[in-house]
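Everything below belongs to structure.tsv, which stores TSV, C-alpha atoms and all ligand atoms.
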```tsv
chain	number	residue	atom	x	y	z
T	196	MET	CA	265.49	198.45	297.78
T	197	ILE	CA	261.79	197.87	297.18
T	198	TYR	CA	260.51	199.22	293.90
T	199	LEU	CA	256.92	200.35	293.80
T	200	ILE	CA	256.07	199.40	290.27
T	201	ASP	CA	252.30	199.65	290.30
T	202	HIS	CA	252.46	203.06	288.67
T	203	MET	CA	254.28	201.52	285.69
T	204	VAL	CA	251.28	199.37	284.92
T	205	SER	CA	248.33	201.07	283.29
T	206	GLU	CA	245.33	201.54	285.54
T	207	ARG	CA	243.30	199.55	283.06
T	208	MET	CA	245.49	196.44	283.47
T	209	ARG	CA	245.81	196.47	287.26
T	210	GLY	CA	242.73	194.42	288.04
T	211	VAL	CA	242.98	192.12	285.02
T	212	LYS	CA	243.97	188.56	285.78
T	213	GLY	CA	245.85	186.22	283.44
T	214	SER	CA	244.04	183.37	281.71
T	215	PRO	CA	243.52	180.46	284.13
T	216	THR	CA	243.19	177.95	281.28
T	217	VAL	CA	246.40	179.06	279.59
T	218	ARG	CA	248.29	179.28	282.88
T	219	LEU	CA	247.13	175.91	284.13
T	220	SER	CA	248.31	174.21	280.97
T	221	GLY	CA	251.71	175.82	281.57
T	222	LEU	CA	251.72	174.51	285.13
T	223	VAL	CA	250.86	170.99	283.92
T	224	ALA	CA	253.80	171.13	281.49
T	225	GLU	CA	256.10	172.16	284.36
T	226	LEU	CA	254.86	169.37	286.63
T	227	ARG	CA	255.36	166.81	283.85
T	228	ALA	CA	258.87	168.10	283.19
T	229	ARG	CA	259.55	167.38	286.89
T	230	GLY	CA	258.43	163.80	286.33
T	231	GLU	CA	254.89	164.05	287.79
T	232	ASN	CA	252.39	161.80	286.06
T	233	VAL	CA	249.66	164.44	285.71
T	234	ILE	CA	246.54	163.86	283.62
T	235	SER	CA	245.29	167.13	282.23
T	236	LEU	CA	241.59	167.64	281.76
T	237	ALA	CA	242.26	171.36	282.00
T	238	ILE	CA	242.76	173.12	278.70
T	239	GLY	CA	240.19	172.67	275.95
T	240	GLU	CA	242.33	171.50	273.08
T	241	PRO	CA	241.63	168.55	270.77
T	242	ASP	CA	244.33	165.91	271.16
T	243	PHE	CA	244.07	164.85	267.49
T	244	PRO	CA	246.62	165.87	264.89
T	245	THR	CA	245.46	168.42	262.31
T	246	PRO	CA	244.11	166.41	259.32
T	247	ALA	CA	246.88	165.64	256.82
T	248	HIS	CA	245.38	167.46	253.80
T	249	ILE	CA	245.35	170.71	255.81
T	250	VAL	CA	248.97	170.30	256.87
T	251	GLU	CA	249.95	169.52	253.27
T	252	ALA	CA	248.31	172.71	252.00
T	253	ALA	CA	250.27	174.84	254.48
T	254	LYS	CA	253.53	173.01	253.65
T	255	LYS	CA	252.95	173.59	249.96
T	256	ALA	CA	252.33	177.29	250.66
T	257	LEU	CA	255.64	177.49	252.52
T	258	ASP	CA	257.47	175.65	249.73
T	259	GLU	CA	256.01	178.07	247.22
T	260	GLY	CA	257.23	181.06	249.23
T	261	PHE	CA	253.83	182.17	250.49
T	262	THR	CA	255.50	183.81	253.46
T	263	ARG	CA	254.61	187.49	253.29
T	264	TYR	CA	251.92	189.78	254.64
T	265	THR	CA	248.49	189.08	253.26
T	266	PRO	CA	245.67	191.62	252.97
T	267	SER	CA	244.70	192.54	256.53
T	268	ARG	CA	241.27	190.89	256.30
T	269	GLY	CA	242.74	187.70	254.86
T	270	ILE	CA	243.38	186.16	251.44
T	271	GLY	CA	240.48	186.29	249.00
T	272	GLU	CA	240.12	182.54	248.60
T	273	LEU	CA	239.77	182.02	252.35
T	274	ARG	CA	237.30	184.87	252.74
T	275	GLU	CA	235.27	183.38	249.90
T	276	ALA	CA	235.33	179.92	251.47
T	277	ILE	CA	234.25	181.36	254.84
T	278	ALA	CA	231.43	183.40	253.26
T	279	GLU	CA	230.17	180.34	251.38
T	280	LYS	CA	230.30	178.20	254.51
T	281	SER	CA	228.50	180.88	256.52
T	282	GLN	CA	225.73	181.08	253.91
T	283	GLN	CA	225.31	177.36	253.40
T	284	GLU	CA	225.77	176.03	256.94
T	285	ASN	CA	224.69	178.99	259.04
T	286	GLY	CA	222.14	180.69	256.79
T	287	ILE	CA	223.95	184.04	257.04
T	288	GLN	CA	223.47	186.25	253.96
T	289	CYS	CA	227.03	187.48	253.50
T	290	GLY	CA	229.86	187.75	251.00
T	291	PRO	CA	233.68	187.80	251.24
T	292	GLU	CA	233.48	191.54	251.94
T	293	ASN	CA	231.85	190.64	255.28
T	294	VAL	CA	234.73	188.43	256.43
T	295	MET	CA	237.83	189.22	258.48
T	296	VAL	CA	240.29	186.37	258.98
T	297	SER	CA	241.94	186.60	262.40
T	298	PRO	CA	242.93	184.32	265.27
T	299	THR	CA	239.59	183.70	267.01
T	300	LYS	CA	240.66	185.21	270.29
T	301	HIS	CA	241.92	188.29	268.49
T	302	ALA	CA	238.68	188.65	266.54
T	303	LEU	CA	236.83	188.67	269.87
T	304	PHE	CA	239.24	191.20	271.31
T	305	ALA	CA	238.95	193.42	268.23
T	306	ALA	CA	235.15	193.31	268.54
T	307	THR	CA	235.30	194.16	272.25
T	308	LEU	CA	237.62	197.12	271.60
T	309	ALA	CA	235.55	198.27	268.65
T	310	PHE	CA	232.14	198.21	270.35
T	311	SER	CA	232.73	199.00	274.01
T	312	GLY	CA	234.69	201.47	276.10
T	313	ALA	CA	234.74	203.68	279.17
T	314	GLY	CA	231.32	204.24	280.69
T	315	GLU	CA	229.74	201.45	278.64
T	316	ASP	CA	228.35	198.07	279.66
T	317	VAL	CA	228.87	194.67	278.07
T	318	LEU	CA	226.58	191.77	278.98
T	319	LEU	CA	228.18	188.34	279.05
T	320	PRO	CA	227.27	184.84	280.22
T	321	ASP	CA	228.17	183.70	283.75
T	322	PRO	CA	229.53	181.05	283.76
T	323	GLY	CA	231.24	182.03	280.52
T	324	TRP	CA	234.56	181.47	278.81
T	325	VAL	CA	237.47	182.84	280.87
T	326	SER	CA	238.61	185.56	278.46
T	327	TYR	CA	235.39	187.49	277.80
T	328	LEU	CA	235.41	189.42	281.07
T	329	PRO	CA	239.12	190.40	280.98
T	330	MET	CA	238.70	191.55	277.37
T	331	VAL	CA	235.88	193.85	278.45
T	332	GLN	CA	238.03	195.15	281.32
T	333	MET	CA	240.93	195.78	278.93
T	334	ALA	CA	238.55	197.80	276.75
T	335	ASN	CA	237.81	199.92	279.86
T	336	ALA	CA	234.16	198.93	279.73
T	337	ARG	CA	232.07	197.39	282.52
T	338	PRO	CA	231.34	193.66	282.39
T	339	VAL	CA	227.75	192.79	283.34
T	340	PRO	CA	227.55	189.03	284.01
T	341	VAL	CA	224.21	187.40	283.23
T	342	PRO	CA	223.66	184.34	285.46
T	343	CYS	CA	223.06	181.13	283.52
T	344	VAL	CA	221.60	178.65	285.97
T	345	GLU	CA	221.24	174.88	285.86
T	346	GLU	CA	217.39	175.05	285.88
T	347	ASP	CA	217.54	176.98	282.58
T	348	GLY	CA	220.00	174.52	281.04
T	349	PHE	CA	222.78	177.06	281.70
T	350	GLN	CA	221.44	179.41	279.01
T	351	MET	CA	221.20	183.19	279.29
T	352	THR	CA	217.44	183.58	279.27
T	353	PRO	CA	215.95	186.67	277.61
T	354	GLU	CA	214.38	187.51	281.01
T	355	ALA	CA	217.77	187.49	282.76
T	356	VAL	CA	219.28	189.55	279.94
T	357	GLY	CA	216.38	192.02	279.97
T	358	GLU	CA	216.76	192.60	283.71
T	359	ARG	CA	220.41	193.59	283.30
T	360	ILE	CA	220.29	195.89	280.28
T	361	THR	CA	221.08	199.46	281.36
T	362	PRO	CA	221.02	202.62	279.24
T	363	LYS	CA	224.81	202.21	279.04
T	364	ALA	CA	224.69	198.72	277.53
T	365	ARG	CA	226.40	198.58	274.15
T	366	MET	CA	227.17	194.95	273.45
T	367	ILE	CA	226.17	191.43	274.43
T	368	ILE	CA	228.33	188.32	274.10
T	369	VAL	CA	226.57	185.04	273.31
T	370	ASN	CA	228.39	181.71	273.19
T	371	THR	CA	226.70	178.65	271.77
T	372	PRO	CA	227.62	175.82	272.19
T	373	ASN	CA	228.83	177.18	275.49
T	374	ASN	CA	232.20	176.86	277.16
T	375	PRO	CA	232.22	175.72	280.02
T	376	THR	CA	228.71	174.24	280.39
T	377	GLY	CA	228.23	172.55	276.99
T	378	SER	CA	224.82	174.19	276.70
T	379	VAL	CA	223.48	174.67	273.16
T	380	TYR	CA	221.10	177.62	273.02
T	381	ASP	CA	217.61	176.93	271.74
T	382	LEU	CA	216.04	178.96	268.97
T	383	GLU	CA	213.57	180.66	271.27
T	384	SER	CA	216.20	182.01	273.68
T	385	LEU	CA	218.36	183.24	270.82
T	386	LYS	CA	215.39	184.99	269.18
T	387	GLY	CA	214.50	186.58	272.53
T	388	ILE	CA	218.07	187.84	272.93
T	389	ALA	CA	218.12	189.14	269.35
T	390	ASP	CA	214.84	191.04	269.94
T	391	LEU	CA	216.20	192.63	273.11
T	392	ALA	CA	219.37	193.64	271.26
T	393	GLU	CA	217.23	195.34	268.63
T	394	ASP	CA	215.04	197.11	271.19
T	395	HIS	CA	218.09	198.41	273.08
T	396	ASP	CA	220.38	198.94	270.08
T	397	LEU	CA	223.08	196.48	271.19
T	398	VAL	CA	225.79	194.88	269.10
T	399	ILE	CA	225.61	191.09	269.39
T	400	VAL	CA	228.93	189.25	269.39
T	401	THR	CA	228.21	185.57	269.01
T	402	ASP	CA	231.04	183.11	269.55
T	403	GLU	CA	230.21	179.90	267.68
T	404	ILE	CA	233.62	178.21	267.77
T	405	TYR	CA	232.13	174.89	269.00
T	406	GLU	CA	229.30	174.81	266.43
T	407	ARG	CA	230.40	171.51	264.88
T	408	ILE	CA	230.93	169.69	268.16
T	409	LEU	CA	227.34	168.69	268.87
T	410	TYR	CA	225.70	165.58	270.31
T	411	GLY	CA	222.26	165.66	268.74
T	412	GLU	CA	221.10	169.26	269.19
T	413	SER	CA	220.95	171.76	266.32
T	414	HIS	CA	223.09	174.87	266.24
T	415	HIS	CA	221.50	178.22	265.33
T	416	SER	CA	223.30	181.39	264.26
T	417	ILE	CA	221.70	184.65	265.40
T	418	ALA	CA	223.00	186.41	262.27
T	419	SER	CA	220.65	184.26	260.16
T	420	PHE	CA	217.51	185.69	261.86
T	421	PRO	CA	215.61	188.27	259.80
T	422	GLY	CA	217.05	191.73	260.44
T	423	ALA	CA	219.69	190.52	262.93
T	424	PHE	CA	222.72	190.51	260.61
T	425	GLU	CA	223.04	194.31	260.72
T	426	ARG	CA	223.93	194.28	264.44
T	427	THR	CA	225.68	190.92	264.73
T	428	VAL	CA	229.32	189.85	264.64
T	429	THR	CA	229.67	186.07	264.24
T	430	ILE	CA	232.96	184.71	265.49
T	431	ASN	CA	234.25	181.26	264.62
T	432	GLY	CA	237.53	179.45	264.05
T	433	PHE	CA	239.50	176.40	263.04
T	434	SER	CA	240.96	175.45	266.44
T	435	LYS	CA	238.27	173.10	267.70
T	436	THR	CA	236.60	171.78	264.54
T	437	TYR	CA	239.83	170.93	262.73
T	438	ALA	CA	242.19	170.42	265.70
T	439	MET	CA	244.20	173.52	264.73
T	440	THR	CA	244.76	175.34	268.03
T	441	GLY	CA	248.41	176.16	267.29
T	442	TRP	CA	247.62	177.62	263.88
T	443	ARG	CA	245.95	180.65	265.48
T	444	LEU	CA	243.30	180.96	262.81
T	445	GLY	CA	239.67	181.97	262.92
T	446	TRP	CA	237.35	184.64	261.56
T	447	ALA	CA	234.62	187.21	262.08
T	448	VAL	CA	231.60	187.70	259.81
T	449	ALA	CA	229.79	191.04	260.11
T	450	PRO	CA	228.20	193.85	258.12
T	451	GLY	CA	230.67	196.46	256.84
T	452	HIS	CA	229.79	199.09	259.45
T	453	LEU	CA	230.80	196.64	262.22
T	454	LEU	CA	233.66	194.94	260.39
T	455	ASP	CA	235.42	198.22	259.48
T	456	PRO	CA	236.32	199.28	263.06
T	457	MET	CA	237.35	195.70	263.88
T	458	SER	CA	239.56	195.75	260.82
T	459	THR	CA	241.15	198.98	262.02
T	460	VAL	CA	242.07	197.23	265.28
T	461	GLN	CA	243.58	194.37	263.30
T	462	GLU	CA	245.56	196.67	260.95
T	463	HIS	CA	247.14	198.32	263.99
T	464	SER	CA	247.77	195.17	266.00
T	465	ILE	CA	248.57	191.93	264.18
T	466	THR	CA	248.23	193.27	260.57
T	467	CYS	CA	246.95	189.93	259.30
T	468	ALA	CA	246.70	186.25	260.19
T	469	THR	CA	249.70	184.04	259.33
T	470	SER	CA	249.94	183.68	255.55
T	471	PHE	CA	250.57	179.94	255.14
T	472	ALA	CA	248.11	179.09	257.94
T	473	GLN	CA	245.43	180.77	255.82
T	474	LYS	CA	246.16	178.32	252.98
T	475	GLY	CA	245.60	175.54	255.49
T	476	GLY	CA	242.29	177.18	256.37
T	477	VAL	CA	241.18	177.03	252.73
T	478	ALA	CA	242.01	173.31	252.61
T	479	ALA	CA	240.06	172.77	255.84
T	480	LEU	CA	236.88	174.41	254.53
T	481	ARG	CA	237.10	173.06	250.98
T	482	GLY	CA	238.41	169.59	251.84
T	483	PRO	CA	236.83	166.32	253.01
T	484	GLU	CA	234.62	166.39	256.10
T	485	GLY	CA	235.45	162.82	257.14
T	486	PRO	CA	238.17	163.73	259.66
T	487	VAL	CA	235.87	166.20	261.46
T	488	GLU	CA	233.07	163.65	261.67
T	489	GLU	CA	235.48	161.05	263.03
T	490	MET	CA	236.74	163.43	265.72
T	491	VAL	CA	233.20	164.29	266.78
T	492	ARG	CA	232.32	160.57	266.99
T	493	LYS	CA	235.30	160.11	269.29
T	494	PHE	CA	234.32	163.09	271.45
T	495	ALA	CA	230.83	161.58	271.73
T	496	ARG	CA	232.20	158.27	273.05
T	497	ARG	CA	234.48	160.02	275.54
T	498	ARG	CA	231.56	162.16	276.66
T	499	GLU	CA	229.57	159.08	277.55
T	500	VAL	CA	232.43	157.62	279.56
T	501	MET	CA	233.05	160.94	281.32
T	502	VAL	CA	229.44	161.75	282.21
T	503	LYS	CA	228.59	158.23	283.38
T	504	GLY	CA	231.82	157.99	285.38
T	505	MET	CA	231.35	161.40	287.04
T	506	ASN	CA	227.80	160.62	288.10
T	507	GLU	CA	228.99	157.34	289.66
T	508	ILE	CA	231.40	159.15	291.98
T	509	PRO	CA	229.71	160.00	295.29
T	510	GLY	CA	229.45	163.76	295.78
T	511	LEU	CA	229.81	164.66	292.09
T	512	SER	CA	227.13	165.19	289.49
T	513	CYS	CA	227.04	166.29	285.92
T	514	GLN	CA	224.43	166.81	283.19
T	515	GLU	CA	225.11	165.69	279.65
T	516	PRO	CA	226.75	168.52	277.72
T	517	GLN	CA	224.90	169.11	274.42
T	518	GLY	CA	227.96	170.50	272.66
T	519	ALA	CA	231.70	171.31	273.00
T	520	PHE	CA	233.97	168.90	274.91
T	521	TYR	CA	233.61	169.83	278.55
T	522	ALA	CA	231.92	168.17	281.50
T	523	TRP	CA	230.57	170.78	283.91
T	524	VAL	CA	230.53	168.97	287.21
T	525	SER	CA	229.05	170.10	290.51
T	526	TYR	CA	230.57	168.88	293.77
T	527	GLU	CA	229.09	168.76	297.27
T	528	ASP	CA	232.06	169.91	299.37
T	529	PRO	CA	231.43	173.37	300.77
T	530	ILE	CA	234.84	174.64	299.59
T	531	LYS	CA	235.88	177.05	296.87
T	532	SER	CA	236.30	175.60	293.40
T	533	LEU	CA	239.94	176.72	293.36
T	534	ASP	CA	240.65	174.74	296.56
T	535	PHE	CA	238.75	171.73	295.26
T	536	SER	CA	240.74	171.80	291.99
T	537	GLU	CA	244.04	172.22	293.80
T	538	MET	CA	243.17	169.25	295.99
T	539	LEU	CA	242.49	167.15	292.86
T	540	LEU	CA	245.78	168.23	291.31
T	541	GLU	CA	247.74	167.54	294.46
T	542	LYS	CA	246.14	164.27	295.55
T	543	ALA	CA	244.84	162.74	292.32
T	544	LEU	CA	247.33	164.34	289.92
T	545	VAL	CA	244.39	165.37	287.73
T	546	ALA	CA	244.27	168.94	286.44
T	547	VAL	CA	240.83	170.52	286.04
T	548	ILE	CA	239.64	174.13	285.79
T	549	PRO	CA	237.89	175.59	288.87
T	550	GLY	CA	234.36	176.68	288.01
T	551	GLY	CA	234.93	180.06	289.66
T	552	ALA	CA	237.35	180.93	286.83
T	553	PHE	CA	234.27	181.23	284.59
T	554	GLY	CA	232.41	183.66	286.84
T	555	ASP	CA	230.72	183.80	290.24
T	556	GLU	CA	228.01	181.41	289.08
T	557	GLY	CA	230.70	178.81	288.45
T	558	GLU	CA	231.43	178.35	292.15
T	559	GLY	CA	230.62	174.82	293.26
T	560	TYR	CA	231.60	173.43	289.86
T	561	ILE	CA	234.71	172.21	288.08
T	562	ARG	CA	235.25	171.90	284.33
T	563	LEU	CA	236.82	168.75	282.90
T	564	SER	CA	237.80	168.61	279.25
T	565	PHE	CA	237.29	165.31	277.48
T	566	ALA	CA	239.37	166.39	274.50
T	567	THR	CA	241.79	163.70	275.58
T	568	SER	CA	241.99	159.93	275.08
T	569	GLN	CA	239.42	157.56	276.58
T	570	ASP	CA	242.25	155.93	278.52
T	571	ASN	CA	243.11	159.27	280.10
T	572	VAL	CA	239.46	159.92	280.93
T	573	ARG	CA	239.11	156.48	282.56
T	574	GLU	CA	242.34	156.83	284.52
T	575	ALA	CA	241.35	160.33	285.71
T	576	LEU	CA	237.96	159.01	286.83
T	577	LYS	CA	239.67	156.23	288.75
T	578	ARG	CA	242.04	158.64	290.48
T	579	ILE	CA	239.32	161.13	291.39
T	580	ARG	CA	237.10	158.35	292.73
T	581	GLU	CA	239.94	157.09	294.94
T	582	VAL	CA	240.62	160.53	296.37
T	583	LEU	CA	236.97	161.36	297.02
T	584	SER	CA	235.92	158.08	298.60
I	601	LIG	N1	235.95	181.12	272.33
I	601	LIG	C1	235.79	180.06	273.13
I	601	LIG	C2	234.45	179.83	273.73
I	601	LIG	C3	236.85	179.21	273.41
I	601	LIG	O1	236.68	178.15	274.21
I	601	LIG	C4	238.11	179.48	272.85
I	601	LIG	C5	239.23	178.54	273.21
I	601	LIG	N2	240.38	178.65	272.76
I	601	LIG	C6	238.24	180.59	272.01
I	601	LIG	C7	237.14	181.40	271.79
I	601	LIG	C8	239.53	181.01	271.38
I	601	LIG	O2	239.88	180.19	270.34
I	601	LIG	P1	241.32	180.25	269.67
I	601	LIG	O3	242.21	179.48	270.57
I	601	LIG	O4	241.13	179.59	268.37
I	601	LIG	O5	241.72	181.67	269.56
I	602	LIG	N1	239.31	177.73	275.04
I	602	LIG	C1	240.12	176.73	275.62
I	602	LIG	C2	239.73	176.50	277.05
I	602	LIG	O1	238.77	177.06	277.51
I	602	LIG	C3	241.58	177.00	275.39
I	602	LIG	C4	242.28	177.90	276.34
I	602	LIG	C5	241.81	179.32	276.22
I	602	LIG	O2	242.06	179.94	275.20
I	602	LIG	O3	241.16	179.74	277.18
I	602	LIG	O4	240.35	175.73	277.72
```

Using the file provided, produce a representation of the structure as C-alpha cells.
Amino acid sequence: MIYLIDHMVSERMRGVKGSPTVRLSGLVAELRARGENVISLAIGEPDFPTPAHIVEAAKKALDEGFTRYTPSRGIGELREAIAEKSQQENGIQCGPENVMVSPTKHALFAATLAFSGAGEDVLLPDPGWVSYLPMVQMANARPVPVPCVEEDGFQMTPEAVGERITPKARMIIVNTPNNPTGSVYDLESLKGIADLAEDHDLVIVTDEIYERILYGESHHSIASFPGAFERTVTINGFSKTYAMTGWRLGWAVAPGHLLDPMSTVQEHSITCATSFAQKGGVAALRGPEGPVEEMVRKFARRREVMVKGMNEIPGLSCQEPQGAFYAWVSYEDPIKSLDFSEMLLEKALVAVIPGGAFGDEGEGYIRLSFATSQDNVREALKRIREVLS
C-alpha cells in the first residue's frame, strides 16, 4: 500500500530543504566509515580542540553540580561578560539586560520568528549562509534575496537593498564577515544599509559570528552606529572564535523591545542554553586571548596555501577572502555547482559545498573550507588538480 503522507507535513515545511552543510558532513562520515579516504572541505568547523581553560571551566561546573536549568536568557556572569565585550570590542552601548544567551543558530531562528511572518518580506544576502532562507520560510515569511556580486566584493550594496525593499519588508539579515564569500563589509555599505533600515522601519539582524577571523580588514558592528541600536539584533557565538561548535553556545544583543519577543521564543523552545557550557563561555570571554590569536594565524597560513593553489589550477579562480575560513571559488565548466561538487567528491574524494546551496547567485562557484590542516588543504589541491587537468 502506498501512503500519501504529504498531508501529515505542515504546508509551511513542504518546500523547506534540509541543511546542505550539515547533511554533507553526515555523508562524509558515512563514506569514511566505509573506508573511503575523503578529505572534507565541506563543513565550516575549526579543527582545533577547544582551548583547555574553557574545557576546565565546564568540567569544574559539572563537578560542582551546575547541571540544572539556568535563567532563560543565560547566567548573569555570562551576560555581563558578553555585554562588556560588546561595549569594548564592538562599541555597542548595552548592558546584561540586552543579552540573551542561546545557541547561535537558535538565536537567529528566534529573531526570524519574532520579526517576520505571513505576508512579510525578509531581505537576505545571496549568496548567503545556507540556513537564513529556510528559517524565513519556516517563519512563513517571504525571503527576498539581494544579489551580492563579485564586482562589489560580494557585499549587499545599499543600492541593491534599496531596489528590493517593498512595503511588506520587515527585516534584513546582514552577515559580516560573510559565509560563504569571506567578504567583510565596509563602513560605508553598512551605514547605507542602516539608513535604509531606518527609512523603511526594518529590523536589522546582523550575524557577526566570524568577526574575529579577519585577515587585515576591520570589522564594524551596525549596532554601534548612532541611533541604530534600537532596531538592531547583533548575533554572535563561540563556535568559530573559540573552536566550540559542539557546545552549541552563542548570543544575541538587542534593545529590550526586540529581545523580549526573542526571549519568548526561547522560553517556549529550548528554555535556556546548556548550563555548564555557559560556564565555559565565561572562561572563553574572560580568559587569555592567545589561543584565539594562534588559531587565526593558522587560518591565515592555510588561506594563503588555499588561494594560491586554487588560482594555479586551470579553470578555477578565487579572490582572497577578507574574513572567515572559506575559499569561494569560481569554475569555468558550464555545469551546475551540485554536479561539479559531486564530480569532485566522486573522482577526487574531496567534499566541497556547491555554491548553489547559498542561493541562485552562488551558481558557478564552490565553497571550500580551510578550517582543516595545511596537509589536508595541500592534498585536496593535488587531487582536484589531477581530476581537472
Ligand atoms: N551564522 C553563520 C554565518 C554560520 O556560518 C554559522 C555556522 N555554524 C552559524 C551562524 C551558526 O553557528 P552555530 O553552529 O554556532 O549555531
Ligand atoms: N556554518 C557552518 C557552515 O557553513 C557549519 C554548518 C552549518 O551550520 O551550516 O559550514

Exercise. Can I get the residues close to ligand LIG 601 (chain I) as a ChimeraX atom specification, where close means within 7 Å and we count only C-alpha atoms and all ligand atoms?
Worked result: /T:239,298-301,324,370,373-374,402,404,432-434,440,443-445

Kindly export the residues of the current selection with C-alpha atoms, as a PDB file, in the coordinates of the input.
```pdb
ATOM      1  CA  GLY T 239     240.190 172.670 275.950  1.00  0.00           C
ATOM      2  CA  PRO T 298     242.930 184.320 265.270  1.00  0.00           C
ATOM      3  CA  THR T 299     239.590 183.700 267.010  1.00  0.00           C
ATOM      4  CA  LYS T 300     240.660 185.210 270.290  1.00  0.00           C
ATOM      5  CA  HIS T 301     241.920 188.290 268.490  1.00  0.00           C
ATOM      6  CA  TRP T 324     234.560 181.470 278.810  1.00  0.00           C
ATOM      7  CA  ASN T 370     228.390 181.710 273.190  1.00  0.00           C
ATOM      8  CA  ASN T 373     228.830 177.180 275.490  1.00  0.00           C
ATOM      9  CA  ASN T 374     232.200 176.860 277.160  1.00  0.00           C
ATOM     10  CA  ASP T 402     231.040 183.110 269.550  1.00  0.00           C
ATOM     11  CA  ILE T 404     233.620 178.210 267.770  1.00  0.00           C
ATOM     12  CA  GLY T 432     237.530 179.450 264.050  1.00  0.00           C
ATOM     13  CA  PHE T 433     239.500 176.400 263.040  1.00  0.00           C
ATOM     14  CA  SER T 434     240.960 175.450 266.440  1.00  0.00           C
ATOM     15  CA  THR T 440     244.760 175.340 268.030  1.00  0.00           C
ATOM     16  CA  ARG T 443     245.950 180.650 265.480  1.00  0.00           C
ATOM     17  CA  LEU T 444     243.300 180.960 262.810  1.00  0.00           C
ATOM     18  CA  GLY T 445     239.670 181.970 262.920  1.00  0.00           C
TER      19      GLY T 445
END
```

Problem set entry | Option closest in space to ligand LIG 602 (chain I), from T:Met439, T:Leu318, T:Ile238, T:Met330 [counting all atoms listed in the file] |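 Of all the options, T:Ile238 lies closest to ligand LIG 602 (chain I).
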
Closest pair table for chain T residues within 10 Å of ligand LIG 602 (chain I), only C-alpha atoms and all ligand atoms, as CSV:
```
residue,atom,partner,partner_atom,distance
T:Ser214,CA,I:LIG602,O3,6.5
T:Pro215,CA,I:LIG602,O3,7.4
T:Thr216,CA,I:LIG602,O3,4.9
T:Val217,CA,I:LIG602,C4,5.4
T:Arg218,CA,I:LIG602,C4,9.0
T:Leu219,CA,I:LIG602,O4,9.3
T:Ser220,CA,I:LIG602,C4,8.5
T:Leu236,CA,I:LIG602,O4,9.1
T:Ala237,CA,I:LIG602,O4,6.4
T:Ile238,CA,I:LIG602,O4,3.7
T:Gly239,CA,I:LIG602,O4,3.5
T:Glu240,CA,I:LIG602,C3,6.0
T:Pro241,CA,I:LIG602,C1,9.6
T:Thr299,CA,I:LIG602,O2,9.3
T:Lys300,CA,I:LIG602,O2,7.3
T:Gly323,CA,I:LIG602,O1,9.5
T:Trp324,CA,I:LIG602,O1,6.2
T:Val325,CA,I:LIG602,O3,6.1
T:Ser326,CA,I:LIG602,O3,6.5
T:Tyr327,CA,I:LIG602,O3,9.7
T:Asn374,CA,I:LIG602,O1,6.6
T:Pro375,CA,I:LIG602,O1,7.1
T:Ile404,CA,I:LIG602,N1,9.2
T:Tyr405,CA,I:LIG602,N1,9.8
T:Ser434,CA,I:LIG602,N1,9.0
T:Lys435,CA,I:LIG602,N1,8.7
T:Thr440,CA,I:LIG602,C3,8.2
T:Phe520,CA,I:LIG602,O4,9.8
T:Tyr521,CA,I:LIG602,O1,8.9
T:Val547,CA,I:LIG602,O4,9.8
T:Ile548,CA,I:LIG602,O4,8.3
T:Phe553,CA,I:LIG602,O1,9.4
T:Arg562,CA,I:LIG602,O4,9.2
T:Leu563,CA,I:LIG602,O4,9.4
T:Ser564,CA,I:LIG602,O4,7.7
T:Ala566,CA,I:LIG602,O4,9.9
```

For this session: Could you tell me how far CA of Gly286 (chain T) lies from CA of Val428 (chain T), in Å and to one decimal?
Result: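 These atoms are spaced 14.0 Å apart.
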
Exercise. Neighbours of Pro342 (chain T) within 10 Å (only C-alpha atoms; same-chain residues fewer than 6 positions away dropped), as a list of chain:residue names?
Worked result: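 Once the adjacent positions are removed, what remains is T:Leu319, T:Pro320, T:Asp321, T:Pro322, T:Gly323, T:Phe349, T:Gln350, T:Met351, T:Thr352, T:Ala355, T:Val356, T:Gly554, T:Asp555, T:Glu556, T:Gly557.
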
Once you have the residues from the selection above, write them out as a short mmCIF file (atom, residue, chain, number, x, y, z; two decimals), in the frame of the given file, restricted to C-alpha atoms.
```
data_model
loop_
_atom_site.label_atom_id
_atom_site.label_comp_id
_atom_site.auth_asym_id
_atom_site.auth_seq_id
_atom_site.Cartn_x
_atom_site.Cartn_y
_atom_site.Cartn_z
CA LEU T 319 228.18 188.34 279.05
CA PRO T 320 227.27 184.84 280.22
CA ASP T 321 228.17 183.70 283.75
CA PRO T 322 229.53 181.05 283.76
CA GLY T 323 231.24 182.03 280.52
CA PHE T 349 222.78 177.06 281.70
CA GLN T 350 221.44 179.41 279.01
CA MET T 351 221.20 183.19 279.29
CA THR T 352 217.44 183.58 279.27
CA ALA T 355 217.77 187.49 282.76
CA VAL T 356 219.28 189.55 279.94
CA GLY T 554 232.41 183.66 286.84
CA ASP T 555 230.72 183.80 290.24
CA GLU T 556 228.01 181.41 289.08
CA GLY T 557 230.70 178.81 288.45
#
```

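Distances here use all atoms listed in the file; by that measure, the residue among T:Gly422, T:Gly230, T:Pro456, T:Gly411 closest to Phe310 (chain T) is T:Pro456.
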
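Residue nearest Gly551 (chain T), chosen from T:Arg497, T:Ser525, T:Leu397, T:Gln569 and counting all atoms listed in the file: T:Ser525.
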
Exercise. What does the distance between CA of His452 (chain T) and CA of Glu272 (chain T) come to in Å, to one decimal place?
Worked result: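 These atoms are spaced 22.3 Å apart.
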